[in-house]
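Note: the block below is input_9.json and it holds JSON, C-alpha atoms.
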[["chain", "number", "residue", "atom", "x", "y", "z"],
["A", 87, "MET", "CA", 0.00, 0.00, 0.00],
["A", 88, "MET", "CA", 1.40, 3.42, -0.98],
["A", 89, "LEU", "CA", 1.21, 5.99, 1.82],
["A", 90, "ASP", "CA", 1.13, 9.73, 1.56],
["A", 91, "PRO", "CA", 4.34, 11.24, 3.04],
["A", 92, "CYS", "CA", 2.26, 13.19, 5.57],
["A", 93, "ILE", "CA", 0.63, 11.61, 8.61],
["A", 94, "THR", "CA", -1.69, 8.79, 7.55],
["A", 95, "SER", "CA", -4.26, 7.03, 9.71],
["A", 96, "ILE", "CA", -5.78, 3.68, 8.84],
["A", 97, "CYS", "CA", -8.51, 1.89, 10.79],
["A", 98, "TYR", "CA", -8.29, -1.89, 10.97],
["A", 99, "LEU", "CA", -10.50, -4.43, 12.67],
["A", 100, "ARG", "CA", -8.57, -6.72, 14.97],
["A", 101, "ALA", "CA", -7.67, -9.98, 13.22],
["A", 102, "SER", "CA", -8.58, -8.67, 9.78],
["A", 103, "ASN", "CA", -7.69, -6.05, 7.21],
["A", 104, "LYS", "CA", -11.21, -4.67, 6.78],
["A", 105, "LEU", "CA", -11.37, -0.90, 6.74],
["A", 106, "THR", "CA", -14.68, -0.71, 8.62],
["A", 107, "PRO", "CA", -14.66, 0.88, 12.07],
["A", 108, "ASN", "CA", -16.47, -0.77, 14.93],
["A", 109, "LYS", "CA", -16.08, -1.06, 18.69],
["A", 110, "SER", "CA", -13.05, -3.38, 18.40],
["A", 111, "CYS", "CA", -11.23, -1.13, 15.97],
["A", 112, "PHE", "CA", -7.87, 0.51, 16.34],
["A", 113, "MET", "CA", -6.27, 3.44, 14.55],
["A", 114, "LEU", "CA", -2.79, 2.99, 13.10],
["A", 115, "THR", "CA", -1.14, 6.38, 12.63],
["A", 116, "ILE", "CA", 1.95, 6.35, 10.44],
["A", 117, "HIS", "CA", 4.15, 9.43, 10.77],
["A", 118, "GLN", "CA", 6.23, 10.98, 8.00],
["A", 119, "GLU", "CA", 9.49, 9.66, 9.42],
["A", 120, "GLY", "CA", 8.13, 6.11, 9.47],
["A", 121, "SER", "CA", 7.22, 5.67, 13.13],
["A", 122, "ALA", "CA", 3.76, 4.32, 13.90],
["A", 123, "LYS", "CA", 1.37, 4.61, 16.82],
["A", 124, "LYS", "CA", -1.55, 2.27, 17.50],
["A", 125, "THR", "CA", -4.58, 3.78, 19.29],
["A", 126, "THR", "CA", -7.81, 1.99, 20.13],
["A", 127, "MET", "CA", -11.00, 3.68, 18.99],
["A", 128, "ASP", "CA", -14.25, 3.61, 20.88],
["A", 129, "THR", "CA", -16.88, 4.25, 18.23],
["A", 130, "LYS", "CA", -19.66, 3.56, 20.71],
["A", 131, "LYS", "CA", -19.07, 5.98, 23.56],
["A", 132, "PRO", "CA", -21.28, 5.47, 26.63],
["A", 133, "LEU", "CA", -24.72, 7.01, 26.66],
["A", 134, "TRP", "CA", -25.30, 10.06, 28.86],
["A", 135, "THR", "CA", -27.88, 9.54, 31.62],
["A", 136, "CYS", "CA", -30.09, 12.45, 32.63],
["A", 137, "PRO", "CA", -29.62, 12.90, 36.39],
["A", 138, "LYS", "CA", -33.30, 13.86, 36.83],
["A", 139, "CYS", "CA", -35.22, 11.18, 34.90],
["A", 140, "LYS", "CA", -32.47, 8.56, 34.33],
["A", 141, "LYS", "CA", -33.20, 8.35, 30.58],
["A", 142, "LYS", "CA", -30.19, 7.63, 28.37],
["A", 143, "PHE", "CA", -29.07, 9.70, 25.37],
["A", 144, "VAL", "CA", -26.12, 9.82, 22.97],
["A", 145, "THR", "CA", -25.60, 13.53, 23.64],
["A", 146, "ARG", "CA", -25.22, 15.24, 27.00],
["A", 147, "ASN", "CA", -28.15, 17.51, 27.91],
["A", 148, "LEU", "CA", -30.19, 16.52, 24.86],
["A", 149, "TRP", "CA", -33.57, 18.25, 24.96],
["A", 150, "HIS", "CA", -36.25, 15.97, 26.39],
["A", 151, "SER", "CA", -39.13, 15.87, 28.83],
["A", 152, "CYS", "CA", -38.21, 14.45, 32.21],
["A", 153, "GLY", "CA", -41.81, 13.39, 32.80],
["A", 154, "ARG", "CA", -42.49, 9.90, 34.11],
["A", 155, "PHE", "CA", -45.09, 8.15, 31.98],
["A", 156, "THR", "CA", -46.15, 4.56, 31.43],
["A", 157, "VAL", "CA", -47.44, 2.55, 28.50],
["A", 158, "ALA", "CA", -50.63, 1.96, 30.53],
["A", 159, "GLN", "CA", -51.17, 5.74, 30.81],
["A", 160, "PHE", "CA", -50.69, 6.16, 27.06],
["A", 161, "PHE", "CA", -53.34, 3.51, 26.35],
["A", 162, "ALA", "CA", -55.77, 4.56, 29.11],
["A", 163, "GLY", "CA", -59.32, 4.35, 27.75],
["A", 164, "LYS", "CA", -58.24, 2.59, 24.54],
["A", 165, "SER", "CA", -59.76, -0.67, 23.34],
["A", 166, "LEU", "CA", -58.29, -4.10, 24.00],
["A", 167, "ARG", "CA", -57.87, -4.44, 20.23],
["A", 168, "VAL", "CA", -55.59, -1.37, 20.10],
["A", 169, "ARG", "CA", -53.58, -2.58, 23.09],
["A", 170, "LYS", "CA", -53.15, -5.96, 21.38],
["A", 171, "LEU", "CA", -51.91, -4.25, 18.18],
["A", 172, "TYR", "CA", -49.35, -2.38, 20.29],
["A", 173, "ARG", "CA", -48.13, -5.58, 21.99],
["A", 174, "GLU", "CA", -47.80, -7.29, 18.60],
["A", 175, "PHE", "CA", -45.89, -4.28, 17.23],
["A", 176, "VAL", "CA", -43.47, -4.42, 20.18],
["A", 177, "LYS", "CA", -42.84, -8.15, 19.54],
["A", 178, "PHE", "CA", -42.38, -7.36, 15.86],
["A", 179, "VAL", "CA", -39.80, -4.62, 16.54],
["A", 180, "ARG", "CA", -37.93, -6.83, 19.02],
["A", 181, "GLN", "CA", -37.12, -9.20, 16.14],
["A", 182, "CYS", "CA", -34.43, -6.64, 15.23],
["A", 183, "GLY", "CA", -32.69, -6.71, 18.60],
["A", 184, "PRO", "CA", -32.96, -5.33, 22.13],
["A", 185, "ILE", "CA", -34.94, -2.12, 22.58],
["A", 186, "ILE", "CA", -35.76, 0.34, 25.31],
["A", 187, "ILE", "CA", -39.43, 1.33, 25.41],
["A", 188, "ASP", "CA", -39.70, 5.01, 26.31],
["A", 189, "PRO", "CA", -43.29, 6.14, 26.93],
["A", 190, "ALA", "CA", -44.08, 9.85, 26.96],
["A", 191, "LYS", "CA", -47.34, 11.73, 27.35],
["A", 192, "THR", "CA", -48.07, 11.87, 23.60],
["A", 193, "ARG", "CA", -46.04, 9.00, 22.11],
["A", 194, "ILE", "CA", -44.06, 5.83, 22.84],
["A", 195, "SER", "CA", -40.53, 5.61, 21.42],
["A", 196, "PHE", "CA", -38.40, 2.55, 20.80],
["A", 197, "GLN", "CA", -34.71, 3.13, 21.36],
["A", 198, "ALA", "CA", -31.55, 1.18, 20.59],
["A", 199, "ARG", "CA", -28.79, 3.78, 21.12],
["A", 200, "VAL", "CA", -31.13, 6.46, 19.78],
["A", 201, "ARG", "CA", -34.88, 6.55, 19.20],
["A", 202, "PHE", "CA", -35.65, 4.94, 15.83],
["A", 203, "ALA", "CA", -39.33, 3.94, 15.86],
["A", 204, "GLY", "CA", -42.44, 4.07, 17.96],
["A", 205, "VAL", "CA", -46.12, 4.75, 18.29],
["A", 206, "ALA", "CA", -47.25, 8.29, 17.55],
["A", 207, "LYS", "CA", -50.94, 7.82, 18.25],
["A", 208, "ALA", "CA", -53.47, 5.29, 19.49],
["A", 209, "GLY", "CA", -56.77, 5.58, 17.66],
["A", 210, "LYS", "CA", -60.11, 3.87, 18.10],
["A", 211, "ASP", "CA", -59.20, 0.78, 16.05],
["A", 212, "SER", "CA", -55.57, 1.36, 15.04],
["A", 213, "ILE", "CA", -52.20, 2.68, 16.06],
["A", 214, "THR", "CA", -50.11, 5.13, 14.10],
["A", 215, "ALA", "CA", -46.56, 3.80, 14.10],
["A", 216, "GLY", "CA", -43.45, 5.49, 12.81],
["A", 217, "PHE", "CA", -39.77, 5.01, 12.10],
["A", 218, "TRP", "CA", -36.68, 7.02, 11.10],
["A", 219, "LEU", "CA", -34.47, 6.34, 8.08],
["A", 220, "LYS", "CA", -31.50, 8.15, 6.57],
["A", 221, "ARG", "CA", -32.97, 7.90, 3.07],
["A", 222, "ARG", "CA", -36.22, 8.51, 1.21],
["A", 223, "ILE", "CA", -38.46, 5.55, 0.39],
["A", 224, "HIS", "CA", -41.94, 5.44, -1.10],
["A", 225, "SER", "CA", -45.03, 3.46, -0.18],
["A", 226, "PRO", "CA", -48.76, 4.14, -0.46],
["A", 227, "ARG", "CA", -48.99, 2.85, 3.14],
["A", 228, "PHE", "CA", -47.35, 5.98, 4.55],
["A", 229, "THR", "CA", -49.79, 8.42, 6.11],
["A", 230, "LYS", "CA", -47.10, 11.02, 6.74],
["A", 231, "VAL", "CA", -43.49, 11.53, 5.63],
["A", 232, "GLU", "CA", -41.38, 14.22, 7.26],
["A", 233, "PHE", "CA", -38.03, 15.35, 5.84],
["A", 234, "ILE", "CA", -35.53, 16.72, 8.36],
["A", 235, "PRO", "CA", -32.41, 18.05, 6.60],
["A", 236, "PRO", "CA", -29.86, 17.03, 5.64],
["A", 237, "ASN", "CA", -30.90, 13.37, 5.15],
["A", 238, "ASN", "CA", -33.41, 12.28, 7.79],
["A", 239, "HIS", "CA", -36.85, 10.92, 6.92],
["A", 240, "VAL", "CA", -39.54, 10.08, 9.45],
["A", 241, "TYR", "CA", -42.35, 7.86, 8.21],
["A", 242, "GLN", "CA", -45.76, 7.15, 9.74],
["A", 243, "PHE", "CA", -48.17, 4.37, 8.83],
["A", 244, "LEU", "CA", -51.30, 2.78, 10.27],
["A", 245, "ILE", "CA", -51.48, -0.61, 11.91],
["A", 246, "THR", "CA", -55.10, -1.75, 11.84],
["A", 247, "ASP", "CA", -54.45, -5.49, 11.89],
["A", 248, "THR", "CA", -51.51, -7.78, 12.67],
["A", 249, "LYS", "CA", -51.43, -8.49, 8.91],
["A", 250, "ASP", "CA", -49.94, -4.99, 8.56],
["A", 251, "LEU", "CA", -46.82, -6.34, 10.28],
["A", 252, "ASP", "CA", -45.54, -8.00, 7.12],
["A", 253, "GLU", "CA", -42.19, -8.46, 5.38],
["A", 254, "GLU", "CA", -42.25, -4.95, 3.89],
["A", 255, "THR", "CA", -42.81, -3.42, 7.33],
["A", 256, "LEU", "CA", -40.09, -5.62, 8.81],
["A", 257, "SER", "CA", -37.60, -4.41, 6.19],
["A", 258, "TRP", "CA", -38.36, -0.79, 7.16],
["A", 259, "ILE", "CA", -38.04, -1.50, 10.87],
["A", 260, "LYS", "CA", -34.79, -3.44, 10.43],
["A", 261, "GLU", "CA", -33.26, -0.52, 8.55],
["A", 262, "ALA", "CA", -34.57, 1.91, 11.15],
["A", 263, "TYR", "CA", -33.07, -0.28, 13.89],
["A", 264, "GLU", "CA", -29.67, 0.10, 12.20],
["A", 265, "VAL", "CA", -30.16, 3.86, 12.40],
["A", 266, "GLY", "CA", -31.10, 3.41, 16.06],
["A", 267, "THR", "CA", -27.90, 1.49, 16.76],
["A", 268, "GLN", "CA", -26.00, 4.12, 14.75],
["A", 269, "GLU", "CA", -24.64, 1.50, 12.33],
["A", 270, "HIS", "CA", -25.00, 4.06, 9.52],
["A", 271, "LEU", "CA", -22.23, 6.12, 11.18],
["A", 272, "ARG", "CA", -19.76, 3.25, 10.88],
["A", 273, "LYS", "CA", -20.37, 2.37, 7.24],
["A", 274, "VAL", "CA", -17.48, 3.34, 4.98]]
For this file, produce the structure as structure tokens.
Amino acid sequence: MMLDPCITSICYLRASNKLTPNKSCFMLTIHQEGSAKKTTMDTKKPLWTCPKCKKKFVTRNLWHSCGRFTVAQFFAGKSLRVRKLYREFVKFVRQCGPIIIDPAKTRISFQARVRFAGVAKAGKDSITAGFWLKRRIHSPRFTKVEFIPPNNHVYQFLITDTKDLDEETLSWIKEAYEVGTQEHLRKV
């Protein structure tokens, strides 16, 4: 490999030559005179915990409500059918990996490292679910699409039956889960 005569840094995975950073990655810095320094990289720094509400965030002092809410409060007065749809949606999302369920007064978020999906509204016979992607996709099933520059897209769709939790929906949620784990930040 030809190196630039100035300082060059290369990220390698341990036990391989892949140039993809992850939590077991190290930086090899090669100086102009030929000396080298190996430094480990932590691409998943610990989450900050709010001292008031104990919620976890990737950024210190991230704006949030410190209110204490429950899933039961969110669904108070809603039908058993709607509660069942929510429980099925939670099971569906958990197929992607571990999640933190973060209920608020007006919504329920699902979080990996960051919030990536959730329930925006509980209706009479349905729930409005949503997810966040780093790219634009199209589907007639979306009831709302919000673009947040530079490349964030928040999608909402209705779940009226467990049949709505199909392969297409799973592909969206899996991609959103990668955003939630911040995998998109480590892709080269």
Protein and nucleic acid residues near (-43.2, 9.4, 13.2) (cut-off 9 Å, all atoms listed in the file) as number ranges by chain: A: 203-206, 214-218, 230-232, 240-243
Point-to-point distance from atom CA of His239 of chain A to atom CA of Ser151 of chain A, Å rounded to tenths: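 Between atom CA of His239 of chain A and atom CA of Ser151 of chain A the gap is 22.6 Å.
Omitting segment 155-164 of chain A and its sequence neighbours fewer than 2 positions away, and counting all atoms listed in the file, the residues within 8 Å are A:Gly153, A:Leu166, A:Val168, A:Arg169, A:Pro189, A:Ala190, A:Lys191, A:Thr192, A:Arg193, A:Ile194, A:Ala208, A:Gly209, A:Lys210.
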Length of the atom CA of Ser195 of chain A to atom CA of Leu256 of chain A vector [Å]: 16.9 Å
Point (-36.6, 5.0, 28.8), cut-off 9 Å, counting all atoms listed in the file, residues as a ChimeraX atom specification: /A:139-142,186-189,195-197
Give me a file of those residues, with C-alpha atoms, as a compact mmCIF listing (two decimals), in the coordinates of the input.
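So out_21.txt came out as:
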# COMPACT_ATOMS: atom_id res chain seq x y z
CA CYS A 139 -35.22 11.18 34.90
CA LYS A 140 -32.47 8.56 34.33
CA LYS A 141 -33.20 8.35 30.58
CA LYS A 142 -30.19 7.63 28.37
CA ILE A 186 -35.76 0.34 25.31
CA ILE A 187 -39.43 1.33 25.41
CA ASP A 188 -39.70 5.01 26.31
CA PRO A 189 -43.29 6.14 26.93
CA SER A 195 -40.53 5.61 21.42
CA PHE A 196 -38.40 2.55 20.80
CA GLN A 197 -34.71 3.13 21.36
Straight-line distance linking atom CA of Pro236 of chain A with atom CA of Thr255 of chain A, stated in Å to one decimal: 24.3 Å
Nearest candidate to Val144 of chain A (options A:Asp252, A:Ser212, A:Asp247, A:Thr267; using all atoms listed in the file):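 Among A:Asp252, A:Ser212, A:Asp247, A:Thr267, it is A:Thr267 that comes nearest to Val144 of chain A.
Nearest residue to Lys170 of chain A among A:Leu271, A:Ala198, A:Val265, A:Ile245 is A:Ile245, counting only C-alpha atoms.
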Residue nearest Phe143 of chain A - candidates A:Leu244, A:Leu251, A:Val200, A:Val179, atoms counted: all atoms listed in the file: A:Val200
